[in-house]
Structure formats: C-alpha cells, structure tokens
Amino acid sequence: MDFFDLGNIHFILAFFLSIANAALLCLIAGKFLQILQLSGYKIKGYNVWLKDTKARYISRIAMLSFLSLACVLVTNALFDVYHQDSIYSYLGLIFYIYFSIVFIIHMVNSPQKTPLAQTRRMARLISCLFILCVGITFVLIWVCTEWLYFIKFGVMVLTPLLLPVLVPLAHFIMLPLETFIRWNYIRKAKKKLASRPDLIRIGITGSYAKTSVKHILFDMLSEKYNVCMSPHSFNTPMGLTKVVLKYLKSENQILIAEMGAKQVGDIAYLCNIINPQHAIITGIGSQHLETFGSVENIKKTKNELVLALPENANVVFNMENKGACELFEECTLKNKFLAGFGEESELKVSNVDITSNGMTFTLEYNGKSKKCTSNLIGKHNLENILLSATLALKLGVSLEGVARAISELQPVAHRLEVIRNQNITVLDDAFNSSVEGSTAAVEVLSSFKDSVKICITPGMVEMGQEEFNVNEHFGEQLGKVCDYVIVVNKVNQEALKKGLESTEIAKENIILVDTLKQAKARLNELITPDKNYVVLFENDLPDNYT
C-alpha cells in the first residue's frame, strides 16, 4: 500500500505523531526562543550564545535525543520490528516522551532573570516553528518507513537536534512580516505623537543609571506636571512604541523616554520615533562594549540623542563622568548644563552627609537654597538626583517641589535596593552590570560599619576584550572591603579570583559556586544570629550566560 494513501494506517499515524512531536519540540525549544528574544531578534547575539561553551542546552538536547534513540532501537530489536509490523514498536517513543518531559520541567524550573515573554511576535514565531516541525517530522517518518524500517517512527527522537537551526529558520521566514508589523506600529506611534505638539518629550540615555534617573525625574516633574514615563526598562524601538500607543494618555503633559543601545545608530532610530525636546546624558562607560566594538562608538551613539535635539532644548550632562564632559564640550546647544559636585555645576550642592541610612545635603539654585533629605544611599544616587533636579528646575519645577520629591524617593527595584531584615541588610543591585555602578555599590557596602560584609557576584559581562581586566579590578575592590566574596558561575571566575587574591582577604573566604542557588545556600551557612551582616548582590548574569 502506498504510504500516502489516506487509508494507510502508517500515513495516519505519521500525521498525528508529527503534530504531537511538533508541539513537544516547541516546548523543548523554549531556551532557544528565549535567547533569540533576549538578543533583540538579532541572529548575531543568538549565534554568540550557540558558540559559547557555557550554552549547555545543545549538549543536553543531544543527550535527550541519543538516549531516546537507544531506547527506541532496543525496543524495536526486542519486538523484531524489521521483520514484523508490531504495535509494540511504538513503546520506544514512551521513553522519548518521558525524557522530553523531564527536560522541559528542568528548563522551566531553572532560575531565569528574564523569562521568555509571551508577546504576539513570539506567538507568531512559535506558530511558524510548529508548522516547520510538523513538516520535517512527517518527511523523516516517511523516509524511514520506506527505507529505514528498523527505525520507523523512532526517527522522531532525533528532531530535537534540529532545533538550533529551526528556530533561526522560523525567524527568517517570519522576518518580512515582522518588519511590516514593526513599521506599522512605529507609524501609528509617530502619528499619535505628531497629534500632540503640546507634549514635552524627554530622552534619557547613557551607559548606566538610565532607569534610576528616569524614576527620579518622574517624581520631580510630577510635582508640577502630569507625566508618563516608559515603565521597567522599555528602552527599545518596540518598547517605546508600546509606551506611546498603550501608556501615553491625553492628559499627560510630559513623556520621559529611556533610550538604550547596543550598537551605533540605535539612539538615532529611537529619536526618529520620539523626537525628544530635552535630554539627560547619565555617563559614558564600557557596558555593551562587546557589541559596540569601542568606547568611542559608545560615545558616538549616546551623542545621537544630543544631535537630535532642537536648538532651544535643555540638555544636562553628568560632570562626574569624563565621556559625558567630552560630549558637553562638543555640544553646540546654548542651553547645555553640567550637573555634579564641581563649581561648574548649574545646581550647587553642599553640606553633603551620606550614611548607610540615607543622605542629607543642601541644594542652591538661583540664589535660593533648600536642605534635602533622602532615603537613597550612595554618592552615585546623589549624582542621579542632581542630573534630574537640574532638568526639572529648567522645566519650571520649584526648588521646594524638587526637595519634596527628593524626600519621597524610593530605590528602584534591584538597583541598590536596601532590604533590612533583623541582623541582615541586603543591598540588591542585581540589575546593575556597569563598571560605574559596581564601583558605587562597593562604596556603599564599605559605608556599613560594624557589620560582616559579603558580596555575591558573577562579575560583569559584555565588556569585550576588557572583560578580564575589568573583573580583575572589581575583584581588587571587593577584596579591600569584603569579609567574604561568593563568586557565581565560571564566566568571570578566574579574573575575580585573581583580583581578590591580590588583596588581604583570606583565601578560604573566596567561595566559588556554579549557581545563584548554591551561593544562597553558602550564604546561609555563613550567617549567625550574633553578628550583623550586609550582603551585596551585585549583578545577575543574563540568561544567555547561564
């Protein structure tokens, strides 16, 4: 009987097994889909992960397929499938289903910093992947039924090996449609913004502190205006488009847009959508150096925001950062201002007192002064306050309003957030991955007196060729302050260890673990009720490093 005869039981089984296997493969592909999404749907980032020896999912999928194949072949041999058509030949697939379920459960339960977001784009990509998997599975079953009968339907167990290729293939198939959808959303966002000539638009960019400055500025401007800001870390083209279409309301008077970038031209693209009228440059650092290629490219990209501003724009630069100061010197706008601790700062600050419980300081502007108190800790947070306050004052918020907002500021989650619990103080800086932010966190950690200081960190990534040196220096900083350092993951282990061992920290107090879960377990072993502890969680590796 011909295989494609609708009355052929093998054809019917192949059809339904192909559908079931495709559904299973879409679940197994979760990690590959997540990495593609984290890479901004750019194959370059996906390929970097595939080549990385730390991407253990490929070897795990190989183990899943080969174990399943062994079980299928043994089962087929036991029931002599080659010489007789037996229903028992399908028993081998039970092992494949079992191993797949175990794999999926383990993947779902693994800690994730940024889980796979179930967006419409991802739903379309998964649908395309599903159709591809159905077709490929069916063809493989047909080939084996005709010419490799001893494997028969067992060939299904090898299909997971194709996922690293099938995921980007599905992406490329969908790319023309996604490009059109993206263009259409951006067109709608630009049209909505064009209908709001009254809307004040502010762009914030820099290598670090963008989210913190955005929240501080929001609180200050809210003293006078109805403000809309991009939530979380919505700083990509589609993220900001979503903000405009979903979050921006007719009553909003100001839109604050955080602008992120990983390569030259990214900020210019965002400016083309938002058309910012004012800006803050938080600083130039080495974050994402791996994708930018050089610090000069980073500076050039951040300057794209300045170049997109109108002649009457107010733009504030962080005078405590060399790169930002260089951009200030290059800027030709008349309303450009420095914010910081020096005499050239537009907004003067004095009587600064920063402790582990908060800070007090005096702000002076246009002949007026105001004493301010904040629950935020760290000199870097005072820098963020000065940047935000300078622009808020230029946009008409009173000094009293700025001071009132400062007194009510709360730390942004996972950005040096202070959590106190009995004899343990946790400094949650898990979302920081910059050199400047890490230095600030160590400075804050050192301000806690009469406490055992512990840092849990995997170091910093995406630093390109400077990554080893950056983490070695970070290890030196930690070794001079900490009593214990728990290094998570092997990615920066050697660099951090080298830096730590160059200090006086005891070697037995340098603890190496593979996962954050193991780190927390070792932390619990160190904690005793008779002492006070301050624990810094500095950075948490992106999921493409775990």
# chains A, B, ... in the order shown; residues from 1 in each chain; ligands from 1
$ closest_atom_pairs --of "range 251-283 of chain A" --to "range 360-384 of chain A" --cutoff "12 Å" --atoms "only C-alpha atoms" --output "CSV"
residue,atom,partner,partner_atom,distance
A:Ile280,CA,A:Asn384,CA,10.2
A:Ile281,CA,A:Asn384,CA,10.5
A:Thr282,CA,A:Asn384,CA,7.7
A:Gly283,CA,A:Asn384,CA,10.4
$ write_last_selection --atoms "N, CA, C and O atoms" --output "compact mmCIF listing (two decimals), in the first residue's frame"
# COMPACT_ATOMS: atom_id res chain seq x y z
N ILE A 280 18.89 64.07 29.07
CA ILE A 280 19.89 63.88 30.12
C ILE A 280 20.86 62.80 29.64
O ILE A 280 20.44 61.74 29.17
N ILE A 281 22.16 63.08 29.77
CA ILE A 281 23.21 62.11 29.45
C ILE A 281 23.81 61.67 30.78
O ILE A 281 24.51 62.43 31.44
N THR A 282 23.55 60.43 31.18
CA THR A 282 23.97 59.97 32.52
C THR A 282 25.45 59.68 32.61
O THR A 282 26.05 59.78 33.68
N GLY A 283 26.08 59.29 31.50
CA GLY A 283 27.51 58.99 31.52
C GLY A 283 27.88 58.00 30.44
O GLY A 283 27.02 57.28 29.91
$ residues_around --residues "Lys246 in chain A" --least-positions-apart "5" --cutoff "10 Å" --atoms "only C-alpha atoms" --output "number ranges by chain"
A: 189, 240-241
$ closest_residue --among "A:Asn303, A:Lys498, A:Leu255, A:Val452" --to "Val470 in chain A" --atoms "only C-alpha atoms"
A:Lys498
$ closest_residue --among "A:Ile131, A:Val74, A:Leu25, A:Ile454" --to "Ile104 in chain A" --atoms "only C-alpha atoms"
A:Leu25
$ residues_around --residues "Ala413 in chain A" --least-positions-apart "3" --cutoff "8 Å" --atoms "only C-alpha atoms" --output "list in words"
Leu416, Glu417 and Asp428 of chain A
$ atom_distance --atom1 "CA of Ile354 in chain A" --atom2 "CA of Ile505 in chain A"
26.3 Å
$ select_by_dssp --residues "range 123-301 of chain A" --states "alpha helix (DSSP H)" --output "VMD selection string"
chain A and resid 123 to 147 163 to 194 210 to 221 237 to 242 266 to 274 289 to 292 295 to 301
$ residues_around --residues "range 475-477 of chain A" --least-positions-apart "2" --cutoff "9 Å" --atoms "only C-alpha atoms" --output "list in words"
Thr439, Val442, Gly459, Val470, Asn471, Glu472, His473, Gly479, Lys480, Val481, Cys482, Val485, Ala495, Leu496, Lys497, Lys498, Gly499, Leu500, Glu501, Ser502 and Thr503 of chain A
$ write_last_selection --atoms "C-alpha atoms" --output "mmCIF file, in the first residue's frame"
data_model
loop_
_atom_site.group_PDB
_atom_site.id
_atom_site.type_symbol
_atom_site.label_atom_id
_atom_site.label_comp_id
_atom_site.auth_asym_id
_atom_site.auth_seq_id
_atom_site.Cartn_x
_atom_site.Cartn_y
_atom_site.Cartn_z
ATOM 1 C CA THR A 439 32.143 50.764 41.954
ATOM 2 C CA VAL A 442 31.226 48.682 46.694
ATOM 3 C CA GLY A 459 31.158 39.839 37.778
ATOM 4 C CA VAL A 470 37.516 44.937 34.389
ATOM 5 C CA ASN A 471 36.611 41.963 36.555
ATOM 6 C CA GLU A 472 40.122 41.629 37.952
ATOM 7 C CA HIS A 473 39.950 45.253 39.106
ATOM 8 C CA GLY A 479 38.846 42.227 48.395
ATOM 9 C CA LYS A 480 39.613 45.547 50.112
ATOM 10 C CA VAL A 481 36.086 45.859 51.526
ATOM 11 C CA CYS A 482 34.516 42.412 51.926
ATOM 12 C CA VAL A 485 33.064 37.047 48.408
ATOM 13 C CA ALA A 495 39.514 37.229 36.750
ATOM 14 C CA LEU A 496 37.655 37.890 40.000
ATOM 15 C CA LYS A 497 39.747 35.337 41.864
ATOM 16 C CA LYS A 498 42.978 36.900 40.621
ATOM 17 C CA GLY A 499 41.850 40.338 41.758
ATOM 18 C CA LEU A 500 40.673 39.076 45.136
ATOM 19 C CA GLU A 501 43.893 37.162 45.815
ATOM 20 C CA SER A 502 45.906 40.342 45.233
ATOM 21 C CA THR A 503 44.326 41.752 48.426
#
$ closest_residue --among "A:Gly45, A:Gly92, A:Pro115, A:Pro164" --to "Ala62 in chain A" --atoms "only C-alpha atoms"
A:Pro164
